[in-house]
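J.: If it helps, the file is called entry_27.txt and holds compact mmCIF, C-alpha atoms:
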```txt
# COMPACT_ATOMS: atom_id res chain seq x y z
CA MET A 1 -51.18 -40.99 84.32
CA SER A 2 -48.67 -39.62 86.77
CA ARG A 3 -46.00 -37.18 85.83
CA GLY A 4 -43.27 -39.80 86.26
CA GLN A 5 -45.02 -42.19 83.92
CA GLU A 6 -45.39 -39.45 81.26
CA LYS A 7 -41.68 -38.69 81.46
CA THR A 8 -40.79 -42.35 81.03
CA LYS A 9 -43.11 -42.66 78.04
CA LYS A 10 -41.59 -39.58 76.39
CA LYS A 11 -38.07 -40.93 76.74
CA SER A 12 -39.21 -44.24 75.26
CA GLU A 13 -40.69 -42.43 72.23
CA GLU A 14 -37.50 -40.44 71.74
CA ARG A 15 -35.46 -43.65 71.78
CA ASP A 16 -37.77 -45.12 69.15
CA VAL A 17 -37.28 -42.03 66.89
CA VAL A 18 -33.50 -42.17 67.24
CA LEU A 19 -33.55 -45.92 66.48
CA ARG A 20 -35.68 -45.42 63.39
CA LEU A 21 -33.32 -42.66 62.15
CA ALA A 22 -30.30 -44.86 62.72
CA VAL A 23 -31.88 -47.76 60.83
CA THR A 24 -32.90 -45.44 57.99
CA ALA A 25 -29.38 -43.99 57.73
CA MET A 26 -27.88 -47.48 57.69
CA LEU A 27 -30.21 -48.54 54.88
CA ILE A 28 -29.31 -45.45 52.86
CA TRP A 29 -25.57 -46.13 53.21
CA MET A 30 -26.12 -49.74 52.24
CA VAL A 31 -27.96 -48.67 49.09
CA ILE A 32 -25.23 -46.17 48.18
CA GLY A 33 -22.56 -48.78 48.79
CA GLY A 34 -24.39 -51.24 46.58
CA ILE A 35 -24.63 -48.71 43.80
CA VAL A 36 -20.93 -47.84 44.01
CA PHE A 37 -20.03 -51.53 43.99
CA ALA A 38 -22.23 -52.20 40.96
CA VAL A 39 -20.71 -49.30 39.07
CA GLY A 40 -17.26 -50.53 39.94
CA VAL A 41 -18.07 -54.00 38.67
CA MET A 42 -19.65 -52.70 35.48
CA ASN A 43 -16.90 -50.09 34.84
CA PRO A 44 -13.65 -51.32 36.34
CA ARG A 45 -10.98 -48.65 36.66
CA GLU A 46 -7.84 -49.37 34.68
CA ASP A 47 -4.30 -48.77 35.73
CA PRO A 48 -3.44 -45.15 34.73
CA ARG A 49 -0.23 -46.41 33.16
CA LYS A 50 -2.26 -48.50 30.76
CA GLY A 51 -4.29 -45.44 29.74
CA LEU A 52 -1.12 -43.44 29.15
CA ALA A 53 0.29 -46.24 27.02
CA LYS A 54 -2.86 -46.24 24.90
CA LEU A 55 -2.68 -42.46 24.47
CA THR A 56 0.97 -42.63 23.47
CA LYS A 57 0.18 -45.34 20.95
CA MET A 58 -2.62 -43.23 19.47
CA GLU A 59 -0.31 -40.21 19.23
CA GLU A 60 2.35 -42.27 17.51
CA ALA A 61 -0.22 -43.58 15.04
CA ASP A 62 -1.46 -40.03 14.33
CA THR A 63 2.10 -38.73 13.92
CA ALA A 64 2.97 -41.53 11.50
CA GLU A 65 -0.13 -40.77 9.46
CA ILE A 66 0.65 -37.05 9.39
CA ASP A 67 4.27 -37.74 8.39
CA ALA A 68 3.05 -39.93 5.56
CA GLN A 69 0.72 -37.19 4.33
CA ILE A 70 3.48 -34.57 4.52
CA LYS A 71 5.84 -36.83 2.59
CA GLU A 72 3.19 -37.40 -0.06
CA LEU A 73 2.62 -33.64 -0.41
CA GLU A 74 6.36 -32.97 -0.61
CA GLU A 75 6.76 -35.57 -3.35
CA ALA A 76 3.86 -34.10 -5.29
CA GLU A 77 5.32 -30.61 -4.91
CA ARG A 78 8.74 -31.81 -6.03
CA ALA A 79 7.24 -33.47 -9.09
CA ALA A 80 5.33 -30.28 -9.90
CA ASP A 81 8.51 -28.22 -9.54
CA GLU A 82 10.39 -30.56 -11.87
CA ALA A 83 7.59 -30.41 -14.41
CA TRP A 84 7.56 -26.61 -14.10
CA ALA A 85 11.33 -26.37 -14.57
CA ASN A 86 11.28 -28.71 -17.57
CA ARG A 87 8.79 -26.64 -19.56
CA THR A 88 9.92 -25.32 -22.92
CA VAL A 89 10.83 -21.67 -23.38
CA SER A 90 7.70 -21.19 -25.47
CA GLU A 91 5.57 -22.52 -22.62
CA LYS A 92 7.25 -20.21 -20.13
CA PHE A 93 6.82 -17.15 -22.34
CA ALA A 94 3.29 -18.06 -23.48
CA ASN A 95 1.79 -14.88 -21.95
CA SER A 96 4.88 -12.69 -22.27
CA TYR A 97 6.34 -10.31 -24.83
CA VAL A 98 9.71 -8.64 -25.43
CA LEU A 99 10.36 -5.19 -26.89
CA GLY A 100 13.86 -4.05 -27.71
CA ASP A 101 16.70 -3.10 -29.99
CA SER A 102 19.29 -5.18 -31.84
CA ILE A 103 20.29 -6.99 -28.64
CA ALA A 104 16.70 -8.21 -28.24
CA GLN A 105 16.54 -8.98 -31.96
CA GLY A 106 19.18 -11.60 -31.30
CA LEU A 107 16.65 -13.56 -29.25
CA TYR A 108 14.93 -14.94 -32.34
CA GLU A 109 17.94 -14.67 -34.64
CA ASN A 110 19.74 -17.10 -32.32
CA GLN A 111 16.64 -19.31 -31.84
CA ALA A 112 16.49 -18.57 -28.10
CA LEU A 113 12.89 -17.35 -28.41
CA GLU A 114 10.32 -17.52 -31.19
CA LYS A 115 9.88 -14.35 -33.19
CA SER A 116 6.19 -14.27 -32.27
CA PHE A 117 7.24 -13.26 -28.75
CA VAL A 118 9.46 -10.36 -29.81
CA THR A 119 9.27 -6.97 -31.48
CA ALA A 120 12.81 -5.68 -31.87
CA GLU A 121 14.71 -3.66 -34.45
CA ARG A 122 18.19 -2.32 -34.92
CA ASP A 123 18.75 1.36 -34.13
CA THR A 124 15.68 1.48 -31.89
CA GLY A 125 15.84 3.45 -28.64
CA VAL A 126 13.61 5.31 -26.23
CA CYS A 127 14.97 8.73 -27.22
CA GLU A 128 13.04 10.51 -29.99
CA THR A 129 14.23 9.91 -33.55
CA GLU A 130 12.87 10.87 -36.94
CA VAL A 131 11.32 7.46 -37.47
CA SER A 132 10.32 7.10 -33.79
CA MET A 133 10.25 3.31 -33.98
CA ILE A 134 9.68 3.14 -30.24
CA ASN A 135 6.12 4.37 -30.77
CA ASN A 136 5.44 1.45 -33.10
CA HIS A 137 6.84 -0.94 -30.50
CA VAL A 138 4.61 0.48 -27.78
CA SER A 139 1.58 0.23 -30.06
CA ARG A 140 2.44 -3.41 -30.79
CA ALA A 141 2.67 -4.23 -27.10
CA VAL A 142 -0.70 -2.58 -26.43
CA GLU A 143 -2.20 -4.57 -29.28
CA ILE A 144 -0.82 -7.86 -27.90
CA GLY A 145 -1.76 -7.07 -24.29
CA PRO A 146 0.66 -9.53 -22.62
CA GLN A 147 0.56 -10.42 -18.94
CA VAL A 148 4.31 -9.84 -18.73
CA LEU A 149 6.29 -7.34 -20.80
CA PHE A 150 10.10 -7.14 -21.03
CA LEU A 151 11.86 -4.02 -22.31
CA ALA A 152 15.44 -4.09 -23.62
CA TYR A 153 16.51 -0.63 -24.80
CA GLY A 154 19.42 1.70 -24.21
CA LEU A 155 22.30 0.63 -26.41
CA ASN A 156 21.34 3.06 -29.20
CA ASP A 157 20.43 5.76 -26.68
CA ILE A 158 24.07 6.02 -25.65
CA LYS A 159 24.70 8.02 -28.81
CA ALA A 160 21.17 9.36 -29.31
CA ALA A 161 21.34 11.14 -25.94
CA SER A 162 25.04 11.94 -26.33
CA GLY A 163 25.84 10.06 -23.14
CA ASP A 164 23.39 12.15 -21.08
CA ALA A 165 21.85 9.76 -18.53
CA GLN A 166 19.29 12.36 -17.42
CA LEU A 167 17.98 12.82 -20.96
CA PHE A 168 17.90 9.07 -21.46
CA GLY A 169 16.08 8.55 -18.15
CA ALA A 170 13.40 11.10 -18.98
CA ALA A 171 12.74 9.43 -22.34
CA TYR A 172 12.57 5.96 -20.78
CA ARG A 173 10.15 7.22 -18.11
CA ARG A 174 7.78 8.51 -20.79
CA VAL A 175 7.72 5.08 -22.41
CA LEU A 176 7.04 3.38 -19.10
CA GLU A 177 4.24 5.78 -18.21
CA GLU A 178 2.56 5.23 -21.57
CA LEU A 179 2.80 1.45 -21.22
CA LYS A 180 1.52 1.51 -17.63
CA GLU A 181 -1.44 3.65 -18.65
CA SER A 182 -2.32 1.50 -21.67
CA LEU A 183 -1.55 -1.84 -19.99
CA PRO A 184 -2.50 -1.41 -16.32
CA ASP A 185 -2.65 -5.17 -15.68
CA THR A 186 0.68 -5.98 -17.34
CA LYS A 187 3.75 -6.67 -15.24
CA ILE A 188 6.68 -4.75 -16.73
CA TYR A 189 10.37 -5.70 -16.50
CA VAL A 190 13.25 -3.51 -17.67
CA ASN A 191 16.48 -5.18 -18.80
CA SER A 192 19.77 -3.50 -18.04
CA ILE A 193 22.03 -2.19 -20.80
CA LEU A 194 24.80 -4.69 -21.36
CA PRO A 195 28.40 -3.67 -20.80
CA VAL A 196 30.73 -3.44 -23.78
CA THR A 197 34.42 -4.33 -24.11
CA LYS A 198 37.23 -1.95 -23.21
CA GLU A 199 38.12 -1.79 -26.87
CA ALA A 200 34.60 -0.57 -27.73
CA VAL A 201 34.85 2.16 -25.07
CA GLU A 202 38.26 3.21 -26.39
CA GLU A 203 36.79 3.47 -29.88
CA ASP A 204 33.80 5.51 -28.70
CA GLY A 205 34.03 7.08 -25.26
CA LEU A 206 30.24 7.52 -25.01
CA TYR A 207 29.94 3.83 -24.14
CA GLY A 208 31.72 4.63 -20.92
CA ASN A 209 28.42 6.14 -19.74
CA ILE A 210 26.64 2.78 -19.66
CA PRO A 211 27.02 2.41 -15.85
CA ASP A 212 25.41 5.84 -15.38
CA TYR A 213 22.57 4.85 -17.72
CA ASN A 214 21.93 1.67 -15.74
CA ARG A 215 21.92 3.53 -12.42
CA LYS A 216 19.37 5.94 -13.85
CA LEU A 217 17.30 3.01 -15.09
CA MET A 218 17.30 1.41 -11.64
CA GLU A 219 16.19 4.70 -10.11
CA ILE A 220 13.33 5.13 -12.59
CA CYS A 221 12.18 1.53 -12.20
CA GLU A 222 11.95 1.94 -8.45
CA GLU A 223 9.99 5.17 -8.81
CA GLU A 224 7.65 3.73 -11.44
CA GLY A 225 7.08 0.44 -9.62
CA VAL A 226 8.55 -1.81 -12.31
CA THR A 227 11.25 -4.46 -11.96
CA PHE A 228 14.83 -3.88 -13.10
CA ILE A 229 16.73 -6.95 -14.33
CA ASP A 230 20.50 -6.74 -14.13
CA ASN A 231 21.99 -8.97 -16.83
CA GLY A 232 25.59 -7.82 -16.47
CA SER A 233 26.64 -10.92 -14.55
CA LEU A 234 25.61 -13.11 -17.51
CA VAL A 235 28.13 -11.55 -19.87
CA LYS A 236 31.42 -13.36 -20.50
CA ASP A 237 34.33 -12.24 -22.64
CA GLU A 238 33.77 -15.10 -25.06
CA TYR A 239 30.17 -13.99 -25.65
CA TYR A 240 31.12 -10.77 -27.44
CA THR A 241 31.00 -10.59 -31.19
CA GLU A 242 33.74 -8.78 -33.16
CA ASP A 243 32.34 -5.30 -32.47
CA GLY A 244 32.67 -5.80 -28.70
CA ILE A 245 29.07 -4.65 -28.25
CA HIS A 246 26.69 -7.36 -29.45
CA MET A 247 26.38 -10.88 -28.05
CA ALA A 248 26.96 -14.31 -29.56
CA SER A 249 24.33 -17.06 -29.48
CA GLU A 250 25.64 -18.56 -26.22
CA TYR A 251 24.48 -15.49 -24.30
CA TYR A 252 20.83 -15.69 -25.36
CA GLY A 253 19.95 -18.99 -23.74
CA GLU A 254 21.16 -17.63 -20.42
CA TRP A 255 19.36 -14.35 -20.92
CA VAL A 256 16.03 -16.02 -21.65
CA ASN A 257 16.31 -18.16 -18.53
CA HIS A 258 17.30 -15.15 -16.45
CA MET A 259 14.23 -13.20 -17.58
CA ALA A 260 12.00 -16.21 -16.91
CA GLU A 261 13.44 -16.56 -13.39
CA ALA A 262 13.11 -12.85 -12.64
CA ALA A 263 9.45 -12.86 -13.70
CA GLU A 264 8.79 -16.34 -12.23
CA LEU A 265 7.40 -17.55 -15.54
```
Do you think you could lay out the structure here as structure tokens?

T.:
Amino acid sequence: MSRGQEKTKKKSEERDVVLRLAVTAMLIWMVIGGIVFAVGVMNPREDPRKGLAKLTKMEEADTAEIDAQIKELEEAERAADEAWANRTVSEKFANSYVLGDSIAQGLYENQALEKSFVTAERDTGVCETEVSMINNHVSRAVEIGPQVLFLAYGLNDIKAASGDAQLFGAAYRRVLEELKESLPDTKIYVNSILPVTKEAVEEDGLYGNIPDYNRKLMEICEEEGVTFIDNGSLVKDEYYTEDGIHMASEYYGEWVNHMAEAAEL
């Protein structure tokens, strides 16, 4: 075979290769196109606006459901709060106890609180006396072991400490420390000393030291980590008895509720 014939044959073979590649490529594109078409037919693409509308509808449905659940929880909570607020005093004070003097004694004398929740006696104070009734009160509280303990002393200590707020404070601190040591899991609340009338102060000037006593009490409570309850705002002129010191029955219902609120009973 001549050289010219070989060259012609080679060109012919090259054309055949190129033609086969072209046909193969065309077939591949046809297959891919068919697949894409089939997928399109089987899974038609929706208008994006329709998808957004569906999503919005789902969100609205979820929001409505959540709102309904929140409303249901709020109603249940409101009902529970009403039931909690409507409990009797005895139910509120079921795990509580009150120690005090003649002011606290009025709690059961005026039927504001059952006597089983109170140990209180006239002439009792935190300052040392011959009888030392405060020791008996502390022992009673330790015996009961309440979750919440309210103290209401100070009226008799005005005279027992001769109006000396420092002496009174030191005595009250000793009582608190003993109670805290003996009742480490008990929450302790200290009631303020109630104000007296101007006439009572004029009759005995020592009662003029009550504000100093209360300031000292607040200081000690903060240092000892117990809660001070200020009851002065509860007192009204018409609540005083004839001596201008003790309270009438109308005061005690308010006092009980105030203690319960302060301790979240």

J.: A:Lys216, A:His258, A:Arg87, A:Lys198: which is nearest Asp237 (chain A), counting all atoms listed in the file?

T.: A:Lys198

J.: Tell me which of A:Ala94, A:Val142, A:Val89, A:Ala200 sits closest to Asp243 (chain A), counting only C-alpha atoms.

T.: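 Using only C-alpha atoms, Asp243 (chain A) sits closest to A:Ala200.
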
J.: Could you tell me how far CA of Ile158 (chain A) sits from CA of Gln111 (chain A), in Å to one decimal place?

T.: 27.1 Å

J.: Can you tell me how far CA of Gln166 (chain A) sits from CA of Tyr153 (chain A), in Å to one decimal?

T.: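 Between CA of Gln166 (chain A) and CA of Tyr153 (chain A) the gap is 15.2 Å.
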
J.: Out of A:Tyr172, A:Phe228, A:Tyr207, A:Phe117, which residue has the shortest atom-to-atom distance to Ala263 (chain A) when counting only C-alpha atoms?

T.: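 Ranked by minimum distance to Ala263 (chain A), first place goes to A:Phe228.
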
J.: Could you add whatever atoms are missing so that region 254-265 of chain A carries all heavy atoms, then write the result as a PDB file, keeping the file's coordinate frame?

T.:
```pdb
ATOM      1  N   GLU A 254      21.071 -18.057 -21.814  1.00  0.00           N
ATOM      2  CA  GLU A 254      21.160 -17.630 -20.420  1.00  0.00           C
ATOM      3  C   GLU A 254      20.255 -16.443 -20.147  1.00  0.00           C
ATOM      4  O   GLU A 254      19.637 -16.344 -19.085  1.00  0.00           O
ATOM      5  CB  GLU A 254      22.617 -17.289 -20.070  1.00  0.00           C
ATOM      6  CG  GLU A 254      23.557 -18.490 -20.090  1.00  0.00           C
ATOM      7  CD  GLU A 254      24.902 -18.162 -19.477  1.00  0.00           C
ATOM      8  OE1 GLU A 254      24.936 -17.323 -18.552  1.00  0.00           O
ATOM      9  OE2 GLU A 254      25.908 -18.737 -19.927  1.00  0.00           O
ATOM     10  N   TRP A 255      20.191 -15.539 -21.095  1.00  0.00           N
ATOM     11  CA  TRP A 255      19.360 -14.350 -20.920  1.00  0.00           C
ATOM     12  C   TRP A 255      17.875 -14.718 -20.810  1.00  0.00           C
ATOM     13  O   TRP A 255      17.156 -14.225 -19.938  1.00  0.00           O
ATOM     14  CB  TRP A 255      19.597 -13.384 -22.077  1.00  0.00           C
ATOM     15  CG  TRP A 255      18.842 -12.075 -21.940  1.00  0.00           C
ATOM     16  CD1 TRP A 255      18.393 -11.507 -20.780  1.00  0.00           C
ATOM     17  CD2 TRP A 255      18.460 -11.203 -22.996  1.00  0.00           C
ATOM     18  NE1 TRP A 255      17.756 -10.310 -21.042  1.00  0.00           N
ATOM     19  CE2 TRP A 255      17.788 -10.105 -22.407  1.00  0.00           C
ATOM     20  CE3 TRP A 255      18.625 -11.232 -24.373  1.00  0.00           C
ATOM     21  CZ2 TRP A 255      17.264  -9.043 -23.159  1.00  0.00           C
ATOM     22  CZ3 TRP A 255      18.120 -10.171 -25.113  1.00  0.00           C
ATOM     23  CH2 TRP A 255      17.449  -9.085 -24.521  1.00  0.00           C
ATOM     24  N   VAL A 256      17.435 -15.593 -21.691  1.00  0.00           N
ATOM     25  CA  VAL A 256      16.030 -16.020 -21.650  1.00  0.00           C
ATOM     26  C   VAL A 256      15.692 -16.648 -20.299  1.00  0.00           C
ATOM     27  O   VAL A 256      14.656 -16.344 -19.697  1.00  0.00           O
ATOM     28  CB  VAL A 256      15.739 -17.021 -22.797  1.00  0.00           C
ATOM     29  CG1 VAL A 256      14.425 -17.754 -22.548  1.00  0.00           C
ATOM     30  CG2 VAL A 256      15.671 -16.295 -24.130  1.00  0.00           C
ATOM     31  N   ASN A 257      16.557 -17.521 -19.831  1.00  0.00           N
ATOM     32  CA  ASN A 257      16.310 -18.160 -18.530  1.00  0.00           C
ATOM     33  C   ASN A 257      16.332 -17.148 -17.393  1.00  0.00           C
ATOM     34  O   ASN A 257      15.546 -17.262 -16.440  1.00  0.00           O
ATOM     35  CB  ASN A 257      17.357 -19.250 -18.281  1.00  0.00           C
ATOM     36  CG  ASN A 257      17.156 -20.458 -19.165  1.00  0.00           C
ATOM     37  OD1 ASN A 257      16.032 -20.778 -19.549  1.00  0.00           O
ATOM     38  ND2 ASN A 257      18.238 -21.147 -19.496  1.00  0.00           N
ATOM     39  N   HIS A 258      17.216 -16.171 -17.493  1.00  0.00           N
ATOM     40  CA  HIS A 258      17.300 -15.150 -16.450  1.00  0.00           C
ATOM     41  C   HIS A 258      16.034 -14.304 -16.402  1.00  0.00           C
ATOM     42  O   HIS A 258      15.514 -13.991 -15.312  1.00  0.00           O
ATOM     43  CB  HIS A 258      18.507 -14.250 -16.715  1.00  0.00           C
ATOM     44  CG  HIS A 258      18.900 -13.429 -15.530  1.00  0.00           C
ATOM     45  ND1 HIS A 258      19.472 -12.173 -15.639  1.00  0.00           N
ATOM     46  CD2 HIS A 258      18.791 -13.648 -14.195  1.00  0.00           C
ATOM     47  CE1 HIS A 258      19.717 -11.675 -14.450  1.00  0.00           C
ATOM     48  NE2 HIS A 258      19.297 -12.558 -13.552  1.00  0.00           N
ATOM     49  N   MET A 259      15.499 -13.950 -17.543  1.00  0.00           N
ATOM     50  CA  MET A 259      14.230 -13.200 -17.580  1.00  0.00           C
ATOM     51  C   MET A 259      13.094 -14.042 -17.011  1.00  0.00           C
ATOM     52  O   MET A 259      12.254 -13.539 -16.249  1.00  0.00           O
ATOM     53  CB  MET A 259      13.914 -12.765 -19.014  1.00  0.00           C
ATOM     54  CG  MET A 259      14.740 -11.594 -19.497  1.00  0.00           C
ATOM     55  SD  MET A 259      14.107 -10.861 -21.048  1.00  0.00           S
ATOM     56  CE  MET A 259      14.582 -12.123 -22.250  1.00  0.00           C
ATOM     57  N   ALA A 260      13.061 -15.312 -17.392  1.00  0.00           N
ATOM     58  CA  ALA A 260      12.000 -16.210 -16.910  1.00  0.00           C
ATOM     59  C   ALA A 260      12.069 -16.346 -15.378  1.00  0.00           C
ATOM     60  O   ALA A 260      11.035 -16.357 -14.694  1.00  0.00           O
ATOM     61  CB  ALA A 260      12.123 -17.582 -17.558  1.00  0.00           C
ATOM     62  N   GLU A 261      13.277 -16.453 -14.841  1.00  0.00           N
ATOM     63  CA  GLU A 261      13.440 -16.560 -13.390  1.00  0.00           C
ATOM     64  C   GLU A 261      13.018 -15.271 -12.688  1.00  0.00           C
ATOM     65  O   GLU A 261      12.353 -15.307 -11.650  1.00  0.00           O
ATOM     66  CB  GLU A 261      14.894 -16.897 -13.056  1.00  0.00           C
ATOM     67  CG  GLU A 261      15.303 -18.324 -13.435  1.00  0.00           C
ATOM     68  CD  GLU A 261      16.780 -18.556 -13.202  1.00  0.00           C
ATOM     69  OE1 GLU A 261      17.455 -17.647 -12.669  1.00  0.00           O
ATOM     70  OE2 GLU A 261      17.262 -19.654 -13.557  1.00  0.00           O
ATOM     71  N   ALA A 262      13.427 -14.146 -13.253  1.00  0.00           N
ATOM     72  CA  ALA A 262      13.110 -12.850 -12.640  1.00  0.00           C
ATOM     73  C   ALA A 262      11.596 -12.626 -12.585  1.00  0.00           C
ATOM     74  O   ALA A 262      11.076 -12.076 -11.606  1.00  0.00           O
ATOM     75  CB  ALA A 262      13.774 -11.729 -13.416  1.00  0.00           C
ATOM     76  N   ALA A 263      10.907 -13.051 -13.628  1.00  0.00           N
ATOM     77  CA  ALA A 263       9.450 -12.860 -13.700  1.00  0.00           C
ATOM     78  C   ALA A 263       8.676 -14.064 -13.172  1.00  0.00           C
ATOM     79  O   ALA A 263       7.442 -14.057 -13.173  1.00  0.00           O
ATOM     80  CB  ALA A 263       9.036 -12.591 -15.142  1.00  0.00           C
ATOM     81  N   GLU A 264       9.409 -15.117 -12.741  1.00  0.00           N
ATOM     82  CA  GLU A 264       8.790 -16.340 -12.230  1.00  0.00           C
ATOM     83  C   GLU A 264       7.798 -16.914 -13.238  1.00  0.00           C
ATOM     84  O   GLU A 264       6.665 -17.261 -12.911  1.00  0.00           O
ATOM     85  CB  GLU A 264       8.081 -16.080 -10.895  1.00  0.00           C
ATOM     86  CG  GLU A 264       9.040 -15.636  -9.792  1.00  0.00           C
ATOM     87  CD  GLU A 264       8.345 -15.426  -8.467  1.00  0.00           C
ATOM     88  OE1 GLU A 264       7.093 -15.427  -8.429  1.00  0.00           O
ATOM     89  OE2 GLU A 264       9.038 -15.241  -7.454  1.00  0.00           O
ATOM     90  N   LEU A 265       8.251 -16.997 -14.484  1.00  0.00           N
ATOM     91  CA  LEU A 265       7.400 -17.550 -15.540  1.00  0.00           C
ATOM     92  C   LEU A 265       7.303 -19.066 -15.435  1.00  0.00           C
ATOM     93  O   LEU A 265       8.228 -19.724 -14.973  1.00  0.00           O
ATOM     94  CB  LEU A 265       7.964 -17.153 -16.907  1.00  0.00           C
ATOM     95  CG  LEU A 265       8.065 -15.647 -17.198  1.00  0.00           C
ATOM     96  CD1 LEU A 265       8.627 -15.429 -18.598  1.00  0.00           C
ATOM     97  CD2 LEU A 265       6.707 -14.976 -17.073  1.00  0.00           C
TER      98      LEU A 265
END
```
